[in-house]
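Worksheet: one structure, shown below.
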Amino acid sequence: MAKIGFLTRWNATCGVSVHAELLAAELMRKGHEVKVFAPSVFTADRYCPTHHVIGDDEAFVFRCYDEKPLKEAEGGSIDARRILEEDMDFLIVESYPTLPQREVERVCRRLRERGVKVVAVIHEGRSDELQYEDLRTFDRIVCFDRRYLRLLSEYDDIVEIIPYPCHPVRASRRRFAEDKLRFFSYGVQPVWQYNDYVHALRNLNCEFEYVVVRSDGLIPFKDRFLIQKRMRLSTEELYAFLHNSDIHLLPKGAPSRKNAVVVSSTLFLCLGSLVPTVVPNTKHFESLPTIEGVKPAVIYENLEDLKMKIERLIEDESFRESVRRAALRYVEENSVEKIADKFIKLLENI
C-alpha cells in the first residue's frame, strides 16, 4: 500500500476541499496511508469568501501553509519542513488560484529529488490563475474534462483527464411528495442566485414548502412557503435534508471570472441522493452528458423555462424517473471508487 500526501484545503465549504476529501477517504478505504497538508484557517477564509471550516481536523491533517492574494505570483508561505519530514511515495497537490504556487514548486522539486512522485489536480479555470514558473515541476497534471486542455496545451504529454468524483449513491427512499411537496437549496451562494427559484415557485398552484439552508445569513424573502435555517451542513446532514426533499434547486450563477472553466462540486456531492436537481444553464454544467435523452440534472434557460421544468418534474413521473436514471448512470460511471482507481493507476504508472 502507498503513502500518499495531499496538499489541499480541507474540512471546508469549497470544491477543492470536497474533491480532496472524497478522494482521500476512498484511498484510505482501499488501505493506503494518507497525510493532509492544509492551509491556515485565517488565510483560507481571507482569500476565499466561500471557504468555511466545517469540522475538526483529523489526526492526519497538518495546517502548514498560508494562502496568497488572487493573481499574485508570489506570496503566501509553506512550512516546508512539515512536508519534507513526512515519509511519502506520492504527493497530490490540489492546485487553486490562492495556493502559494511558487512555494509549492520549490517544495515539489525537493520532493522529486528524493524520489517522491508529484501530481497536480488543476482547479484553476483560467491561464492567468496558473502562476507557476513551470508546470513540469509536476510529474503529471490532472484536469476534470476536455475544456481544461486549452489551458494546458503546452503540457499534453503529462496531462491526464480524470473527472471530478461523485459522492456514492445513497438514494432517497422518500415517495414523491409523500407528506408535502418539498423543495430544497443549501450553500453559501450570493443571495441573488436564489431569485429565479423564489419567483418560479410563487406561480405554483399547489401546497409545498421551500427549505433553504445557509450558513451566511438568510435570503431576503418573506413568502409563506419559505422555511429558512441557518446551519453549516456536514455531508451527513446534507443527505438527511436531501432525503427529506423532492426536488433540489441548486443556485449557481455565472462564474465571476470571465471565460473561466468551472465545474460544480455541489452537484457532484448531491447527485448520489438521486433527488432530481434543477440548475441554471451556466458554464458549471456545460460538460454534463446527455444520457438516454436527458441530462443528470435539469438545466433551465430562463425564468419561464424554469417554471415549465419545475411543473414537468411535479406532474410527469416518467420524466422524473428518467432524470433519476440519468443521475444514477452518471454517478456510477464517475463514482469516487472508480475515480480513486484511476488515480492509483496514474500514480503507479509515473
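Letters A, B, ... go to the chains of the C-alpha cells in the order shown; residues in each chain start at 1; ligands are counted from 1 in the same order.
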Using DSSP on the backbone, list every residue of segment 35-164 of chain A that comes out as strand (DSSP E or B), and give them as an NGL selection string.
:A and (35-39 or 53 or 61-66 or 77-78 or 90-95 or 117-122 or 140-143 or 159-161)
Using only C-alpha atoms, which protein or nucleic acid residues come within 9 Å of Phe343 of chain A? Drop anything in the same chain fewer than 5 positions from it, and give the result as a ChimeraX atom specification.
/A:23,162,338,348
Nearest to Val116 of chain A among A:His19, A:Lys3, A:Lys345, A:His167, with distances taken over only C-alpha atoms: which residue is it?
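Looking at the shortest contact to Val116 of chain A, the residue is A:Lys3.
Residue nearest Tyr197 of chain A, chosen from A:Ile350, A:Val331, A:Leu91, A:Val279 and counting only C-alpha atoms: A:Val279.
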Closest to Leu226 of chain A among A:Ile314, A:Arg214, A:Phe183, A:Asn203, using only C-alpha atoms?
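Looking only at the distances to Leu226 of chain A, the closest residue turns out to be A:Phe183.
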Quick one: everything within 10 Å of Arg63 of chain A, counting only C-alpha atoms, minus sequence neighbours fewer than 6 positions away in the same chain. Send it as a PyMOL selection string.
chain A and resi 7-10+36-41+57+78-79+82
Measuring atom to atom with only C-alpha atoms, identify which of A:Asn205, A:Asn259, A:Ser234, A:Asn244 is nearest to Val53 of chain A.
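Looking at the shortest contact to Val53 of chain A, the residue is A:Ser234.
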Residue neighbourhood Phe221 of chain A, 12 Å, only C-alpha atoms, exclusion window fewer than 6 positions, as a compact mmCIF listing (two decimals) with all heavy atoms, in the first residue's frame:
# COMPACT_ATOMS: atom_id res chain seq x y z
N VAL A 191 -27.04 35.89 -2.48
CA VAL A 191 -28.49 35.89 -2.35
C VAL A 191 -29.20 35.95 -3.70
O VAL A 191 -30.22 35.27 -3.92
CB VAL A 191 -28.92 37.08 -1.45
CG1 VAL A 191 -30.41 37.32 -1.54
CG2 VAL A 191 -28.50 36.83 -0.01
N TRP A 192 -28.69 36.73 -4.66
CA TRP A 192 -29.38 36.91 -5.94
C TRP A 192 -29.53 35.60 -6.71
O TRP A 192 -30.43 35.47 -7.56
CB TRP A 192 -28.68 37.95 -6.80
CG TRP A 192 -27.30 37.58 -7.26
CD1 TRP A 192 -26.12 37.89 -6.65
CD2 TRP A 192 -26.93 36.83 -8.43
NE1 TRP A 192 -25.05 37.38 -7.35
CE2 TRP A 192 -25.52 36.73 -8.44
CE3 TRP A 192 -27.67 36.24 -9.46
CZ2 TRP A 192 -24.84 36.05 -9.44
CZ3 TRP A 192 -26.99 35.56 -10.47
CH2 TRP A 192 -25.58 35.49 -10.45
N TYR A 194 -30.75 32.96 -5.72
CA TYR A 194 -31.99 32.30 -5.32
C TYR A 194 -33.21 32.96 -5.98
O TYR A 194 -34.33 32.43 -5.87
CB TYR A 194 -32.17 32.36 -3.80
CG TYR A 194 -31.15 31.56 -3.03
CD1 TYR A 194 -29.88 32.07 -2.79
CD2 TYR A 194 -31.45 30.29 -2.55
CE1 TYR A 194 -28.93 31.34 -2.08
CE2 TYR A 194 -30.51 29.55 -1.83
CZ TYR A 194 -29.25 30.09 -1.61
OH TYR A 194 -28.31 29.36 -0.90
N ASN A 195 -33.02 34.10 -6.62
CA ASN A 195 -34.15 34.87 -7.14
C ASN A 195 -35.04 34.06 -8.07
O ASN A 195 -36.28 34.06 -7.95
CB ASN A 195 -33.67 36.12 -7.86
CG ASN A 195 -33.09 37.16 -6.92
OD1 ASN A 195 -33.23 37.04 -5.70
ND2 ASN A 195 -32.44 38.18 -7.47
N TYR A 197 -35.55 30.90 -8.34
CA TYR A 197 -36.29 29.82 -7.70
C TYR A 197 -37.48 30.37 -6.91
O TYR A 197 -38.59 29.83 -6.99
CB TYR A 197 -35.37 29.01 -6.80
CG TYR A 197 -34.30 28.26 -7.57
CD1 TYR A 197 -32.98 28.26 -7.16
CD2 TYR A 197 -34.63 27.56 -8.73
CE1 TYR A 197 -32.01 27.58 -7.87
CE2 TYR A 197 -33.66 26.88 -9.46
CZ TYR A 197 -32.35 26.90 -9.02
OH TYR A 197 -31.39 26.23 -9.74
N VAL A 198 -37.27 31.44 -6.15
CA VAL A 198 -38.36 32.02 -5.38
C VAL A 198 -39.46 32.52 -6.31
O VAL A 198 -40.66 32.26 -6.09
CB VAL A 198 -37.85 33.15 -4.47
CG1 VAL A 198 -39.03 33.89 -3.80
CG2 VAL A 198 -36.92 32.59 -3.39
N HIS A 199 -39.08 33.23 -7.37
CA HIS A 199 -40.09 33.77 -8.29
C HIS A 199 -40.83 32.66 -9.03
O HIS A 199 -42.05 32.76 -9.27
CB HIS A 199 -39.43 34.74 -9.27
CG HIS A 199 -39.08 36.06 -8.67
ND1 HIS A 199 -37.83 36.33 -8.18
CD2 HIS A 199 -39.81 37.17 -8.45
CE1 HIS A 199 -37.80 37.57 -7.70
NE2 HIS A 199 -38.99 38.10 -7.84
N ARG A 202 -43.46 30.94 -6.75
CA ARG A 202 -44.65 31.76 -6.48
C ARG A 202 -45.80 31.46 -7.45
O ARG A 202 -46.95 31.79 -7.18
CB ARG A 202 -44.29 33.25 -6.55
CG ARG A 202 -43.49 33.74 -5.35
CD ARG A 202 -43.03 35.17 -5.53
NE ARG A 202 -42.30 35.65 -4.36
CZ ARG A 202 -41.55 36.74 -4.34
NH1 ARG A 202 -41.44 37.49 -5.44
NH2 ARG A 202 -40.92 37.11 -3.23
N TYR A 210 -40.48 25.36 0.64
CA TYR A 210 -39.13 25.51 0.08
C TYR A 210 -38.18 25.72 1.25
O TYR A 210 -38.21 26.76 1.91
CB TYR A 210 -39.10 26.70 -0.88
CG TYR A 210 -37.75 27.01 -1.51
CD1 TYR A 210 -36.78 26.03 -1.72
CD2 TYR A 210 -37.46 28.32 -1.94
CE1 TYR A 210 -35.57 26.33 -2.32
CE2 TYR A 210 -36.24 28.62 -2.55
CZ TYR A 210 -35.30 27.63 -2.73
OH TYR A 210 -34.11 27.94 -3.32
N VAL A 212 -34.60 26.36 2.68
CA VAL A 212 -33.30 26.94 2.31
C VAL A 212 -32.40 26.93 3.53
O VAL A 212 -32.75 27.49 4.57
CB VAL A 212 -33.47 28.38 1.78
CG1 VAL A 212 -32.11 29.01 1.52
CG2 VAL A 212 -34.29 28.37 0.49
N ILE A 227 -39.08 28.24 4.20
CA ILE A 227 -38.58 27.87 5.53
C ILE A 227 -37.07 27.98 5.50
O ILE A 227 -36.41 27.27 4.74
CB ILE A 227 -39.00 26.43 5.89
CG1 ILE A 227 -40.53 26.33 5.94
CG2 ILE A 227 -38.38 26.01 7.23
CD1 ILE A 227 -41.03 24.92 6.15
N GLN A 228 -36.53 28.87 6.31
CA GLN A 228 -35.09 29.10 6.29
C GLN A 228 -34.43 28.61 7.57
O GLN A 228 -34.97 28.78 8.67
CB GLN A 228 -34.79 30.58 6.09
CG GLN A 228 -35.34 31.14 4.78
CD GLN A 228 -34.64 32.40 4.37
OE1 GLN A 228 -33.43 32.42 4.16
NE2 GLN A 228 -35.39 33.49 4.24
Would you please work out which residue, of A:His32, A:Lys309, A:Lys71, A:His248, is nearest to Arg182 of chain A when using only C-alpha atoms?
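Closest to Arg182 of chain A, using only C-alpha atoms: A:His248.
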Near segment 144-151 of chain A, 12 Å: segment 212-319 of chain A residue rows, closest pairs, only C-alpha atoms, as JSON lines:
{"residue": "A:Asn259", "atom": "CA", "partner": "A:Arg147", "partner_atom": "CA", "distance": 11.2}
{"residue": "A:Ala260", "atom": "CA", "partner": "A:Tyr148", "partner_atom": "CA", "distance": 9.5}
{"residue": "A:Val261", "atom": "CA", "partner": "A:Tyr148", "partner_atom": "CA", "distance": 6.6}
{"residue": "A:Val262", "atom": "CA", "partner": "A:Tyr148", "partner_atom": "CA", "distance": 8.9}
{"residue": "A:Val263", "atom": "CA", "partner": "A:Phe144", "partner_atom": "CA", "distance": 8.3}
{"residue": "A:Ser264", "atom": "CA", "partner": "A:Phe144", "partner_atom": "CA", "distance": 11.1}
{"residue": "A:Ser265", "atom": "CA", "partner": "A:Phe144", "partner_atom": "CA", "distance": 11.4}
{"residue": "A:Lys283", "atom": "CA", "partner": "A:Arg147", "partner_atom": "CA", "distance": 10.5}
{"residue": "A:His284", "atom": "CA", "partner": "A:Arg147", "partner_atom": "CA", "distance": 11.3}
{"residue": "A:Phe285", "atom": "CA", "partner": "A:Asp145", "partner_atom": "CA", "distance": 11.7}
{"residue": "A:Glu286", "atom": "CA", "partner": "A:Arg147", "partner_atom": "CA", "distance": 9.8}
{"residue": "A:Ser287", "atom": "CA", "partner": "A:Asp145", "partner_atom": "CA", "distance": 7.7}
{"residue": "A:Leu288", "atom": "CA", "partner": "A:Asp145", "partner_atom": "CA", "distance": 10.2}
{"residue": "A:Pro289", "atom": "CA", "partner": "A:Asp145", "partner_atom": "CA", "distance": 11.6}
Pick from A:Glu160, A:Asp139, A:Thr290, A:Glu58: nearest to Gly115 of chain A, with only C-alpha atoms counted?
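Of A:Glu160, A:Asp139, A:Thr290, A:Glu58, the one nearest Gly115 of chain A is A:Asp139, counting only C-alpha atoms.
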Could you name the residues that touch Ala326 of chain A at 6 Å or less, counting only C-alpha atoms, but leaving out those on the same chain fewer than 2 positions away, as a list in words?
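Counting only C-alpha atoms, the residues come to Ile291, Pro296, Val323, Arg324, Leu328 and Arg329 of chain A.
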Output file for the selection above: C-alpha atoms, as a PDB file, in the first residue's frame:
ATOM      1  CA  ILE A 291     -27.960  10.013 -21.126  1.00  0.00           C
ATOM      2  CA  PRO A 296     -28.301  14.042 -14.929  1.00  0.00           C
ATOM      3  CA  VAL A 323     -33.720  12.231 -14.668  1.00  0.00           C
ATOM      4  CA  ARG A 324     -33.115   9.906 -11.714  1.00  0.00           C
ATOM      5  CA  LEU A 328     -27.667   7.148 -11.316  1.00  0.00           C
ATOM      6  CA  ARG A 329     -25.765   6.309 -14.520  1.00  0.00           C
TER       7      ARG A 329
END
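Atom pair atom CA of Ala44 of chain A / atom CA of Thr13 of chain A has a distance of 10.9 Å (rounded to one decimal).
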Pick out each residue of segment 17-227 of chain A that DSSP on the backbone tags as alpha helix (DSSP H); I need them as a VMD selection string.
chain A and resid 17 to 29 41 to 47 80 to 84 101 to 113 195 to 201
Give me, as an mmCIF file with C-alpha atoms, in the first residue's frame, all polymer residues having an atom no more than 6 Å from Gly76 of chain A, counting only C-alpha atoms and skipping those fewer than 4 positions away in the same chain.
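Now in around20.cif:
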data_model
loop_
_atom_site.group_PDB
_atom_site.id
_atom_site.type_symbol
_atom_site.label_atom_id
_atom_site.label_comp_id
_atom_site.auth_asym_id
_atom_site.auth_seq_id
_atom_site.Cartn_x
_atom_site.Cartn_y
_atom_site.Cartn_z
ATOM 1 C CA ASP A 66 -0.666 30.294 4.189
ATOM 2 C CA GLU A 67 -2.567 31.237 1.054
ATOM 3 C CA LYS A 68 -1.735 34.218 -1.140
ATOM 4 C CA PRO A 100 1.201 29.743 -2.805
#
Hey, what's within 8 Å of segment 127-134 of chain A if we count only C-alpha atoms and toss same-chain stuff fewer than 5 positions away? As a PyMOL selection string, please?
chain A and resi 70-73+96-97+101-102+105+151
Atom pair atom CA of Asp56 of chain A / atom CA of Val34 of chain A: separation (Å)
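A separation of 16.9 Å between them.
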Give me, please, the distance in Å between atom CA of Phe60 of chain A and atom CA of Ile92 of chain A, quoted to one decimal.
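Atom-to-atom, atom CA of Phe60 of chain A and atom CA of Ile92 of chain A are spaced 14.9 Å apart.
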